[in-house]
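Enquirer: Structure below; questions to follow.
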Amino acid sequence: MRIWLSWLVLSAPALLSAESAVRKDVLFSITEDVGFGNEVCVFGNHPQFGGGDPLKAPKLVWTSGNVWQGAVALEAGTAFSFSYIRRAYGVASWGSGTNLTVLGSPQAVTSPGHVAPPWGDKCLIYRSGFAQAFVLYRDLTHGGEWTERAMRNVGPGRTAGESTYRVDGVAPSGSLLEFVFHNGGGQWDNASAPPSGTAQGAAPAVPVSYQGLSGPYNYRTPLDVCAVQDGQVFNDLPAATVSVPRFETREISSTVVDIPGRPIRILLPRGYDTHPGKRYPVLYFHDGQNVFFPGGAFGTWDADRIANYETAQGRMRECILVSVPNGDGYGSNRIAEYTPNGDSVSYSGTTYQGKAADYVRFLLENVMPTLDQHYRTLGSAANTLTAGSSMGGLVADYIGFSQSGRFGGIGIFSPAYWAAPNWVAQRDAAPKLPVRRYLYMGTAESSTGESSSEVYWRDAQQAYDAYLRVGHAANGDLLFEGGAGAAHNEAAWALRLPAFFAFALDPMREASPLAQELFPPRLDLVPNGSGGHDLRYMGVLGTRQTIGHSPLLTDWSWEPELPAEERLWDLRTVPAPLAAPKPATMFWRLKQEPWAE
């Protein structure tokens, strides 16, 4: 494990950033009678307001007195223009391009500022055999023009014929950057093509997420500090050769009555074998037989091929994916396992009593301990996620509701809320929980379980409203996406996987070892107003942070671990620890360990 140390430095605190990857919740409110079946959204050209697409504009929630309100997470320290709009929200009209009425005049808002990141604007590191290197880039978030910059040669690469290049300040923190490299003589280094193979059964040759795209392909990542090597994007300087993703299968026994054991399939991400010091978040999928290519009779989520590509392009964290199957072959009963306790489902003449609590026990007592024992997992709630579709989407939301201390990220695809009216009532009456939720629903979702697409759609809107009403922020810890004309099938869910991965496994939400190496943490001594001094440091999400002190730069004493950061980074102040009796001199230093649990 690498450790970066920062000696005591006397300096002014960091200034507020003009733009930032850190998002601040901003409350929006308008009083308007828009009529039954219509909703109010916040719309604008910035991606957080839909990027000019009304189908992506965050919806507000109705409250008494025709007050529409809700929080939207916005880039800190940024000025935005927006309009309130009215849209019809029935399945027949939601996807129409003419379904938009502006309410009043355009408005402006500036989000609260935040301390600048330790690295300032974006920094790119590039390992290449080019004799000289240039980067051509543009800021997709803010509509920037294509710009070319020469990169500095900062040292050797992995071999005698390779160099390491660097460029700083290419775009503001938090923006989505698109770029490509060239040598100034006609040679270009583009990103690799999306995955492709041979179609098998209902599984396509190219994942639906990438169909219709054509090369050459550019790199595109939100990372502020990253390295590019062999066509892949990293948040550290990786090994000379990075191991490829690989599968393992494990047979899991069950200690829970009426919940049979079954085999689970595990996808280990790139670098798992060549970066032994790193630990990983874990995402547990339900309906696991349909998750990885080629899937089953109903098709595939293509989660493996999509995750491998999104990881390689720096758009999601490296993560362990786990598929937990169900079906008669294992003696499991999907409907009962995915239905919350207290609810029942009648299907094909049989009534199934919900036993989701038992299924969750199987995950907690059998599946998850197996992963934690045999793999390098990050076991905290923030690094434990689950996702599913239809009844699997229902049980995923139920898990977030009932186990928020164990699961911090939930993917809810086309949830069958109609199957659990009693649990839905509990959910709607519950307070805010520390869970990030991605919610997706199409407008043509009728299935063999529920024939009405309108029921699916309205139930999803009810869930979104319930979470917004208790204080979740759209595009912050709550993201809704709709699919105009999208049906209830694996292809529709696969199409949304890149967006879910980018939200739930946002690569900016992981401490960057490369950023810590290039921009080491610092410690400042500041007066505390009471005749003494405090220590000021920049806390970073995802790191274990500790302050040490020594009178002679030897025999360091370490204080208890500092509180974990909740934002991507923030400026923190703590009392300067002093030994007793007070020494003539004292030195302090800050230790930050990346990839710590």
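Labels for the structure tokens follow display order: chains A, B, ..., residues from 1 in each chain, ligands from 1.
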Using only C-alpha atoms, find each residue in region 427-527 of chain A having at least one atom no more than 9 Å away from region 402-409 of chain A; report its shortest atom-to-atom pair and that distance in Å (one decimal), rows by chain then rising number, as CSV.

Expert:
```
residue,atom,partner,partner_atom,distance
A:Leu433,CA,A:Ser404,CA,6.7
A:Pro434,CA,A:Ser404,CA,6.5
A:Val435,CA,A:Gly408,CA,4.7
A:Arg436,CA,A:Gly409,CA,4.8
A:Arg437,CA,A:Gly409,CA,6.0
A:Tyr438,CA,A:Gly409,CA,8.0
A:Asp477,CA,A:Gly409,CA,8.9
A:Ala504,CA,A:Gly409,CA,6.0
A:Leu505,CA,A:Gly409,CA,8.5
```

Enquirer: Please, could you write that set of residues out with all heavy atoms as a compact mmCIF listing (two decimals), in the first residue's frame?

Expert:
```txt
# COMPACT_ATOMS: atom_id res chain seq x y z
N LEU A 433 -33.65 7.66 3.80
CA LEU A 433 -32.61 6.71 4.16
C LEU A 433 -31.34 7.03 3.38
O LEU A 433 -31.41 7.60 2.28
CB LEU A 433 -33.06 5.29 3.85
CG LEU A 433 -34.29 4.78 4.63
CD1 LEU A 433 -34.73 3.43 4.10
CD2 LEU A 433 -33.98 4.68 6.12
N PRO A 434 -30.17 6.66 3.90
CA PRO A 434 -28.89 6.97 3.22
C PRO A 434 -28.62 6.01 2.06
O PRO A 434 -27.66 5.22 2.08
CB PRO A 434 -27.87 6.81 4.34
CG PRO A 434 -28.47 5.77 5.23
CD PRO A 434 -29.96 6.01 5.21
N VAL A 435 -29.45 6.09 1.02
CA VAL A 435 -29.36 5.18 -0.12
C VAL A 435 -29.42 5.99 -1.40
O VAL A 435 -30.22 6.91 -1.53
CB VAL A 435 -30.51 4.15 -0.09
CG1 VAL A 435 -30.48 3.26 -1.33
CG2 VAL A 435 -30.44 3.29 1.17
N ARG A 436 -28.56 5.65 -2.35
CA ARG A 436 -28.60 6.24 -3.69
C ARG A 436 -29.40 5.29 -4.59
O ARG A 436 -29.09 4.10 -4.68
CB ARG A 436 -27.18 6.42 -4.24
CG ARG A 436 -26.39 7.50 -3.53
CD ARG A 436 -24.91 7.45 -3.89
NE ARG A 436 -24.65 7.44 -5.32
CZ ARG A 436 -24.60 8.54 -6.09
NH1 ARG A 436 -24.80 9.72 -5.53
NH2 ARG A 436 -24.33 8.47 -7.37
N ARG A 437 -30.41 5.85 -5.28
CA ARG A 437 -31.31 5.01 -6.08
C ARG A 437 -31.33 5.47 -7.53
O ARG A 437 -31.52 6.65 -7.81
CB ARG A 437 -32.73 5.04 -5.53
CG ARG A 437 -32.90 4.43 -4.14
CD ARG A 437 -34.35 4.54 -3.69
NE ARG A 437 -34.59 3.94 -2.38
CZ ARG A 437 -34.44 4.58 -1.23
NH1 ARG A 437 -34.04 5.85 -1.23
NH2 ARG A 437 -34.68 3.98 -0.08
N TYR A 438 -31.17 4.50 -8.42
CA TYR A 438 -31.41 4.70 -9.85
C TYR A 438 -32.71 4.00 -10.18
O TYR A 438 -32.89 2.80 -9.90
CB TYR A 438 -30.27 4.11 -10.67
CG TYR A 438 -30.53 4.10 -12.17
CD1 TYR A 438 -30.12 5.15 -12.98
CD2 TYR A 438 -31.21 3.03 -12.76
CE1 TYR A 438 -30.37 5.15 -14.35
CE2 TYR A 438 -31.47 3.02 -14.13
CZ TYR A 438 -31.05 4.08 -14.92
OH TYR A 438 -31.32 4.07 -16.26
N ASP A 477 -28.75 11.84 -5.18
CA ASP A 477 -28.89 10.48 -4.68
C ASP A 477 -30.14 9.81 -5.24
O ASP A 477 -30.55 8.74 -4.77
CB ASP A 477 -28.91 10.45 -3.15
CG ASP A 477 -29.94 11.39 -2.54
OD1 ASP A 477 -30.76 11.96 -3.28
OD2 ASP A 477 -29.91 11.57 -1.31
N ALA A 504 -24.37 4.88 -10.21
CA ALA A 504 -24.16 4.09 -8.99
C ALA A 504 -22.69 3.83 -8.71
O ALA A 504 -22.30 3.67 -7.55
CB ALA A 504 -24.91 2.77 -9.10
N LEU A 505 -21.88 3.76 -9.76
CA LEU A 505 -20.45 3.49 -9.61
C LEU A 505 -19.65 4.63 -10.24
O LEU A 505 -18.69 4.41 -10.98
CB LEU A 505 -20.10 2.15 -10.25
CG LEU A 505 -20.67 0.93 -9.50
CD1 LEU A 505 -20.72 -0.29 -10.40
CD2 LEU A 505 -19.87 0.65 -8.24
```

Enquirer: Write out as number ranges by chain each polymer residue whose atoms come within 12 Å of Leu136 (chain A), counting only C-alpha atoms; drop sequence neighbours fewer than 6 positions from it.

Expert: A: 124, 144-151, 167, 170-171, 177-184, 188-190, 218-220

Enquirer: Go ahead and write the residues just picked, N, CA, C and O atoms, as a CSV table (one decimal), in the first residue's frame.

Expert:
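Heads up, here's the output in again-v4.csv:
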```csv
chain,number,residue,atom,x,y,z
A,124,LEU,N,-4.3,15.1,-17.4
A,124,LEU,CA,-4.2,13.9,-18.1
A,124,LEU,C,-2.8,13.4,-18.1
A,124,LEU,O,-1.8,14.1,-18.4
A,144,GLY,N,-18.0,23.0,-24.7
A,144,GLY,CA,-16.7,23.6,-25.2
A,144,GLY,C,-16.4,23.2,-26.6
A,144,GLY,O,-16.8,22.2,-27.1
A,145,GLU,N,-15.6,24.0,-27.2
A,145,GLU,CA,-15.1,23.8,-28.6
A,145,GLU,C,-13.9,22.8,-28.5
A,145,GLU,O,-13.2,22.7,-27.5
A,146,TRP,N,-13.6,22.2,-29.6
A,146,TRP,CA,-12.4,21.3,-29.7
A,146,TRP,C,-11.1,22.2,-29.5
A,146,TRP,O,-11.0,23.2,-30.2
A,147,THR,N,-10.3,21.7,-28.7
A,147,THR,CA,-9.0,22.5,-28.4
A,147,THR,C,-7.8,21.5,-28.5
A,147,THR,O,-7.9,20.4,-28.0
A,148,GLU,N,-6.7,22.0,-29.0
A,148,GLU,CA,-5.5,21.1,-29.1
A,148,GLU,C,-4.5,21.7,-28.1
A,148,GLU,O,-4.2,22.9,-28.1
A,149,ARG,N,-3.8,20.7,-27.4
A,149,ARG,CA,-2.7,21.1,-26.5
A,149,ARG,C,-1.5,20.1,-26.7
A,149,ARG,O,-1.7,18.9,-26.9
A,150,ALA,N,-0.3,20.7,-26.7
A,150,ALA,CA,0.9,19.8,-26.7
A,150,ALA,C,1.0,19.3,-25.3
A,150,ALA,O,0.9,20.0,-24.3
A,151,MET,N,1.4,18.0,-25.1
A,151,MET,CA,1.6,17.4,-23.8
A,151,MET,C,3.1,17.5,-23.5
A,151,MET,O,4.0,17.4,-24.4
A,167,VAL,N,-0.6,16.8,-19.3
A,167,VAL,CA,-1.1,18.1,-19.6
A,167,VAL,C,-2.1,18.4,-18.5
A,167,VAL,O,-2.8,17.6,-17.9
A,170,VAL,N,-7.1,21.2,-18.6
A,170,VAL,CA,-7.7,21.1,-19.9
A,170,VAL,C,-9.2,21.4,-19.8
A,170,VAL,O,-9.9,21.7,-20.8
A,171,ALA,N,-9.8,21.3,-18.6
A,171,ALA,CA,-11.3,21.5,-18.4
A,171,ALA,C,-11.6,21.6,-17.0
A,171,ALA,O,-10.8,21.2,-16.1
A,177,LEU,N,-15.3,15.0,-20.2
A,177,LEU,CA,-14.2,15.3,-21.1
A,177,LEU,C,-14.2,14.3,-22.2
A,177,LEU,O,-14.1,13.1,-22.0
A,178,GLU,N,-14.2,14.7,-23.5
A,178,GLU,CA,-14.0,13.9,-24.6
A,178,GLU,C,-12.6,14.3,-25.2
A,178,GLU,O,-12.3,15.4,-25.4
A,179,PHE,N,-11.8,13.2,-25.5
A,179,PHE,CA,-10.5,13.6,-26.0
A,179,PHE,C,-9.9,12.4,-26.9
A,179,PHE,O,-10.4,11.3,-26.8
A,180,VAL,N,-8.8,12.8,-27.6
A,180,VAL,CA,-8.1,11.8,-28.4
A,180,VAL,C,-6.7,12.3,-28.6
A,180,VAL,O,-6.4,13.5,-28.5
A,181,PHE,N,-5.7,11.4,-28.7
A,181,PHE,CA,-4.3,11.8,-28.8
A,181,PHE,C,-3.8,11.6,-30.2
A,181,PHE,O,-4.3,10.8,-31.0
A,182,HIS,N,-2.7,12.4,-30.6
A,182,HIS,CA,-2.1,12.2,-31.9
A,182,HIS,C,-0.6,12.6,-31.7
A,182,HIS,O,-0.2,13.3,-30.7
A,183,ASN,N,0.2,12.3,-32.7
A,183,ASN,CA,1.6,12.6,-32.6
A,183,ASN,C,2.1,13.8,-33.4
A,183,ASN,O,3.3,14.1,-33.6
A,184,GLY,N,1.1,14.5,-34.0
A,184,GLY,CA,1.4,15.7,-34.8
A,184,GLY,C,1.8,15.3,-36.2
A,184,GLY,O,2.1,16.2,-37.1
A,188,TRP,N,-2.9,8.7,-34.8
A,188,TRP,CA,-3.9,9.0,-33.8
A,188,TRP,C,-4.0,7.8,-32.8
A,188,TRP,O,-3.9,6.6,-33.2
A,189,ASP,N,-4.3,8.1,-31.6
A,189,ASP,CA,-4.6,7.1,-30.6
A,189,ASP,C,-6.1,7.3,-30.1
A,189,ASP,O,-6.3,8.2,-29.3
A,190,ASN,N,-7.0,6.5,-30.6
A,190,ASN,CA,-8.4,6.5,-30.2
A,190,ASN,C,-8.7,5.5,-29.2
A,190,ASN,O,-7.9,4.5,-29.0
A,218,ASN,N,-13.6,8.1,-29.5
A,218,ASN,CA,-12.9,9.0,-28.7
A,218,ASN,C,-13.0,8.5,-27.2
A,218,ASN,O,-14.0,7.9,-26.8
A,219,TYR,N,-12.0,8.9,-26.4
A,219,TYR,CA,-12.1,8.7,-25.0
A,219,TYR,C,-13.1,9.7,-24.4
A,219,TYR,O,-13.3,10.8,-24.9
A,220,ARG,N,-13.8,9.2,-23.4
A,220,ARG,CA,-14.8,10.1,-22.8
A,220,ARG,C,-15.0,9.7,-21.3
A,220,ARG,O,-15.4,8.6,-21.0
```

Enquirer: Dump as JSON lines the rows for residues of region 411-495 of chain A within 12 Å of region 33-41 of chain A: closest atom pair and distance in Å with one decimal, only C-alpha atoms counted, ordered by chain and rising residue number.

Expert:
```
{"residue": "A:Glu454", "atom": "CA", "partner": "A:Gly37", "partner_atom": "CA", "distance": 11.7}
{"residue": "A:Arg458", "atom": "CA", "partner": "A:Gly37", "partner_atom": "CA", "distance": 10.2}
{"residue": "A:Gln461", "atom": "CA", "partner": "A:Glu39", "partner_atom": "CA", "distance": 10.3}
{"residue": "A:Asp465", "atom": "CA", "partner": "A:Glu39", "partner_atom": "CA", "distance": 11.0}
{"residue": "A:Ala474", "atom": "CA", "partner": "A:Cys41", "partner_atom": "CA", "distance": 11.0}
```

Enquirer: Given only C-alpha atoms as the basis, pick out the residue of A:Gly442, A:Pro520, A:Gly271, A:Pro47 nearest to Gly485 (chain A).

Expert: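 Comparing A:Gly442, A:Pro520, A:Gly271, A:Pro47 against Gly485 (chain A), the winner is A:Gly442.
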
Enquirer: I'd like the contact shell of region 324-329 of chain A - 7 Å cut-off, only C-alpha atoms, skipping same-chain residues fewer than 3 positions apart - returned as number ranges by chain.

Expert: A: 264, 285-289, 332-334

Enquirer: Looking only at alpha helix (DSSP H) from DSSP on the backbone, list the matching residues of region 448-592 of chain A as a ChimeraX atom specification.

Expert: /A:453-469,490-504,513-518

Enquirer: Can you spit out the residues from that selection as a compact mmCIF listing (two decimals), in the first residue's frame, using N, CA, C and O atoms?

Expert:
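For reference, out34.txt as written:
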```txt
# COMPACT_ATOMS: atom_id res chain seq x y z
N SER A 453 -49.40 -1.00 -19.00
CA SER A 453 -48.19 -0.19 -18.99
C SER A 453 -48.37 1.05 -18.12
O SER A 453 -47.42 1.52 -17.49
N GLU A 454 -49.58 1.58 -18.09
CA GLU A 454 -49.86 2.77 -17.28
C GLU A 454 -49.63 2.48 -15.81
O GLU A 454 -49.13 3.33 -15.06
N VAL A 455 -49.99 1.27 -15.35
CA VAL A 455 -49.78 0.90 -13.95
C VAL A 455 -48.29 0.89 -13.63
O VAL A 455 -47.85 1.46 -12.61
N TYR A 456 -47.49 0.25 -14.47
CA TYR A 456 -46.04 0.24 -14.25
C TYR A 456 -45.51 1.67 -14.16
O TYR A 456 -44.73 2.02 -13.27
N TRP A 457 -45.90 2.50 -15.13
CA TRP A 457 -45.38 3.86 -15.23
C TRP A 457 -45.78 4.70 -14.03
O TRP A 457 -44.96 5.37 -13.40
N ARG A 458 -47.07 4.67 -13.68
CA ARG A 458 -47.55 5.47 -12.55
C ARG A 458 -46.93 5.01 -11.23
O ARG A 458 -46.62 5.83 -10.36
N ASP A 459 -46.76 3.71 -11.08
CA ASP A 459 -46.15 3.21 -9.85
C ASP A 459 -44.71 3.70 -9.71
O ASP A 459 -44.24 4.02 -8.60
N ALA A 460 -43.97 3.77 -10.83
CA ALA A 460 -42.60 4.27 -10.78
C ALA A 460 -42.59 5.75 -10.43
O ALA A 460 -41.73 6.20 -9.65
N GLN A 461 -43.53 6.53 -10.99
CA GLN A 461 -43.60 7.95 -10.65
C GLN A 461 -43.95 8.15 -9.18
O GLN A 461 -43.45 9.07 -8.53
N GLN A 462 -44.80 7.27 -8.66
CA GLN A 462 -45.15 7.35 -7.24
C GLN A 462 -43.92 7.11 -6.37
O GLN A 462 -43.72 7.80 -5.35
N ALA A 463 -43.10 6.14 -6.75
CA ALA A 463 -41.87 5.88 -5.99
C ALA A 463 -40.93 7.07 -6.06
O ALA A 463 -40.35 7.49 -5.03
N TYR A 464 -40.73 7.62 -7.25
CA TYR A 464 -39.88 8.80 -7.41
C TYR A 464 -40.39 9.95 -6.53
O TYR A 464 -39.62 10.61 -5.82
N ASP A 465 -41.70 10.19 -6.57
CA ASP A 465 -42.28 11.27 -5.76
C ASP A 465 -42.05 11.04 -4.27
O ASP A 465 -41.74 11.97 -3.52
N ALA A 466 -42.22 9.78 -3.85
CA ALA A 466 -42.03 9.47 -2.42
C ALA A 466 -40.61 9.78 -1.98
O ALA A 466 -40.38 10.35 -0.90
N TYR A 467 -39.62 9.43 -2.82
CA TYR A 467 -38.23 9.67 -2.45
C TYR A 467 -37.89 11.16 -2.55
O TYR A 467 -37.14 11.68 -1.71
N LEU A 468 -38.43 11.85 -3.52
CA LEU A 468 -38.17 13.29 -3.64
C LEU A 468 -38.82 14.04 -2.48
O LEU A 468 -38.25 14.99 -1.94
N ARG A 469 -39.99 13.58 -2.06
CA ARG A 469 -40.75 14.27 -1.01
C ARG A 469 -40.02 14.26 0.32
O ARG A 469 -40.13 15.21 1.11
N GLU A 490 -35.07 -7.56 -21.37
CA GLU A 490 -33.64 -7.42 -21.07
C GLU A 490 -32.97 -6.40 -21.98
O GLU A 490 -32.03 -5.71 -21.56
N ALA A 491 -33.40 -6.32 -23.23
CA ALA A 491 -32.78 -5.36 -24.14
C ALA A 491 -32.98 -3.93 -23.64
O ALA A 491 -32.06 -3.10 -23.72
N ALA A 492 -34.16 -3.62 -23.12
CA ALA A 492 -34.42 -2.28 -22.60
C ALA A 492 -33.54 -1.99 -21.39
O ALA A 492 -33.05 -0.87 -21.21
N TRP A 493 -33.32 -3.01 -20.55
CA TRP A 493 -32.51 -2.80 -19.35
C TRP A 493 -31.03 -2.70 -19.70
O TRP A 493 -30.29 -1.91 -19.11
N ALA A 494 -30.59 -3.48 -20.67
CA ALA A 494 -29.20 -3.38 -21.10
C ALA A 494 -28.91 -1.99 -21.67
O ALA A 494 -27.81 -1.46 -21.48
N LEU A 495 -29.88 -1.42 -22.36
CA LEU A 495 -29.69 -0.10 -22.94
C LEU A 495 -29.40 0.94 -21.87
O LEU A 495 -28.69 1.93 -22.12
N ARG A 496 -29.93 0.75 -20.68
CA ARG A 496 -29.78 1.73 -19.59
C ARG A 496 -28.60 1.42 -18.66
O ARG A 496 -28.30 2.23 -17.77
N LEU A 497 -27.95 0.30 -18.86
CA LEU A 497 -26.88 -0.07 -17.92
C LEU A 497 -25.74 0.94 -17.86
O LEU A 497 -25.24 1.24 -16.77
N PRO A 498 -25.25 1.50 -19.00
CA PRO A 498 -24.18 2.49 -18.86
C PRO A 498 -24.56 3.68 -17.97
O PRO A 498 -23.73 4.15 -17.18
N ALA A 499 -25.80 4.14 -18.08
CA ALA A 499 -26.25 5.26 -17.24
C ALA A 499 -26.30 4.84 -15.77
O ALA A 499 -25.91 5.60 -14.88
N PHE A 500 -26.80 3.63 -15.50
CA PHE A 500 -26.83 3.15 -14.13
C PHE A 500 -25.43 3.00 -13.56
O PHE A 500 -25.15 3.42 -12.43
N PHE A 501 -24.53 2.40 -14.33
CA PHE A 501 -23.16 2.25 -13.85
C PHE A 501 -22.52 3.61 -13.58
O PHE A 501 -21.82 3.78 -12.58
N ALA A 502 -22.73 4.58 -14.47
CA ALA A 502 -22.13 5.91 -14.28
C ALA A 502 -22.66 6.57 -13.03
O ALA A 502 -21.94 7.32 -12.36
N PHE A 503 -23.92 6.32 -12.69
CA PHE A 503 -24.52 6.93 -11.50
C PHE A 503 -24.14 6.18 -10.23
O PHE A 503 -23.64 6.77 -9.27
N ALA A 504 -24.37 4.88 -10.21
CA ALA A 504 -24.16 4.09 -8.99
C ALA A 504 -22.69 3.83 -8.71
O ALA A 504 -22.30 3.67 -7.55
N PRO A 513 -5.69 7.36 -6.52
CA PRO A 513 -4.28 7.28 -6.13
C PRO A 513 -3.40 8.18 -7.00
O PRO A 513 -2.41 8.74 -6.51
N LEU A 514 -3.75 8.32 -8.27
CA LEU A 514 -2.95 9.17 -9.14
C LEU A 514 -3.05 10.62 -8.71
O LEU A 514 -2.04 11.35 -8.69
N ALA A 515 -4.25 11.07 -8.34
CA ALA A 515 -4.41 12.45 -7.88
C ALA A 515 -3.62 12.69 -6.60
O ALA A 515 -3.00 13.74 -6.43
N GLN A 516 -3.62 11.70 -5.72
CA GLN A 516 -2.87 11.85 -4.47
C GLN A 516 -1.37 11.88 -4.73
O GLN A 516 -0.62 12.54 -4.01
N GLU A 517 -0.93 11.15 -5.74
CA GLU A 517 0.50 11.12 -6.03
C GLU A 517 0.96 12.40 -6.71
O GLU A 517 2.02 12.95 -6.39
N LEU A 518 0.14 12.91 -7.65
CA LEU A 518 0.53 14.12 -8.37
C LEU A 518 0.24 15.39 -7.57
O LEU A 518 0.92 16.41 -7.75
```

Enquirer: For each of A:Ile320, A:Leu479, A:Leu371, A:Val360, take the minimum atom-to-atom distance to Phe401 (chain A), counting only C-alpha atoms, then give the residue where this is smallest.

Expert: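 Between A:Ile320, A:Leu479, A:Leu371, A:Val360, the residue approaching Phe401 (chain A) most closely is A:Val360.
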
Enquirer: Tell me which protein, DNA and RNA residues are within 12 Å of Asp304 (chain A), counting only C-alpha atoms, leaving out same-chain ones fewer than 5 positions away, and put them as a ChimeraX atom specification.

Expert: /A:195,207,245-247,265-270,283,285,288,290-295,309-311,318-323,494,497-498,501

Enquirer: For those residues, write C-alpha atoms to a file as a JSON list (two decimals), in the first residue's frame.

Expert:
```json
[["chain", "number", "residue", "atom", "x", "y", "z"],
["A", 195, "PRO", "CA", -17.36, -4.99, -27.49],
["A", 207, "PRO", "CA", -24.59, -4.84, -26.78],
["A", 245, "PRO", "CA", -11.59, -9.30, -16.38],
["A", 246, "ARG", "CA", -12.42, -12.91, -15.62],
["A", 247, "PHE", "CA", -15.27, -15.07, -14.32],
["A", 265, "ARG", "CA", -21.32, -16.27, -11.13],
["A", 266, "ILE", "CA", -18.72, -13.62, -10.29],
["A", 267, "LEU", "CA", -17.04, -11.18, -12.66],
["A", 268, "LEU", "CA", -13.72, -9.87, -11.36],
["A", 269, "PRO", "CA", -12.74, -6.55, -12.98],
["A", 270, "ARG", "CA", -9.61, -5.66, -14.94],
["A", 283, "LEU", "CA", -22.82, -5.19, -7.12],
["A", 285, "PHE", "CA", -27.74, -8.70, -9.50],
["A", 288, "GLY", "CA", -28.70, -13.69, -12.42],
["A", 290, "ASN", "CA", -30.03, -13.22, -17.56],
["A", 291, "VAL", "CA", -27.27, -10.86, -16.41],
["A", 292, "PHE", "CA", -24.13, -11.91, -18.31],
["A", 293, "PHE", "CA", -23.69, -12.63, -22.01],
["A", 294, "PRO", "CA", -25.30, -14.61, -23.60],
["A", 295, "GLY", "CA", -27.98, -14.75, -20.91],
["A", 309, "TYR", "CA", -16.06, -1.36, -21.59],
["A", 310, "GLU", "CA", -17.35, 1.39, -19.30],
["A", 311, "THR", "CA", -14.59, 0.61, -16.80],
["A", 318, "GLU", "CA", -13.77, -1.15, -11.18],
["A", 319, "CYS", "CA", -16.31, -3.38, -9.45],
["A", 320, "ILE", "CA", -16.99, -7.04, -8.68],
["A", 321, "LEU", "CA", -20.28, -8.07, -10.30],
["A", 322, "VAL", "CA", -22.23, -11.00, -8.84],
["A", 323, "SER", "CA", -25.21, -12.68, -10.53],
["A", 494, "ALA", "CA", -29.20, -3.38, -21.10],
["A", 497, "LEU", "CA", -26.88, -0.07, -17.92],
["A", 498, "PRO", "CA", -24.18, 2.49, -18.86],
["A", 501, "PHE", "CA", -23.16, 2.25, -13.85]]
```

Enquirer: Which residues are near Trp556 (chain A)? Cut-off 12 Å, only C-alpha atoms, ignore same chain within fewer than 4 positions. Put them as JSON, numbers by chain.

Expert: {"A": [546, 547, 548, 549, 550, 551, 552, 579, 586, 587, 588, 589, 590, 591]}

Enquirer: Report as a PyMOL selection string all protein, DNA and RNA residues lying within 9 Å of Gln353 (chain A), evaluated on only C-alpha atoms, omitting residues in the same chain fewer than 3 positions from it.

Expert: chain A and resi 335-337+339-346
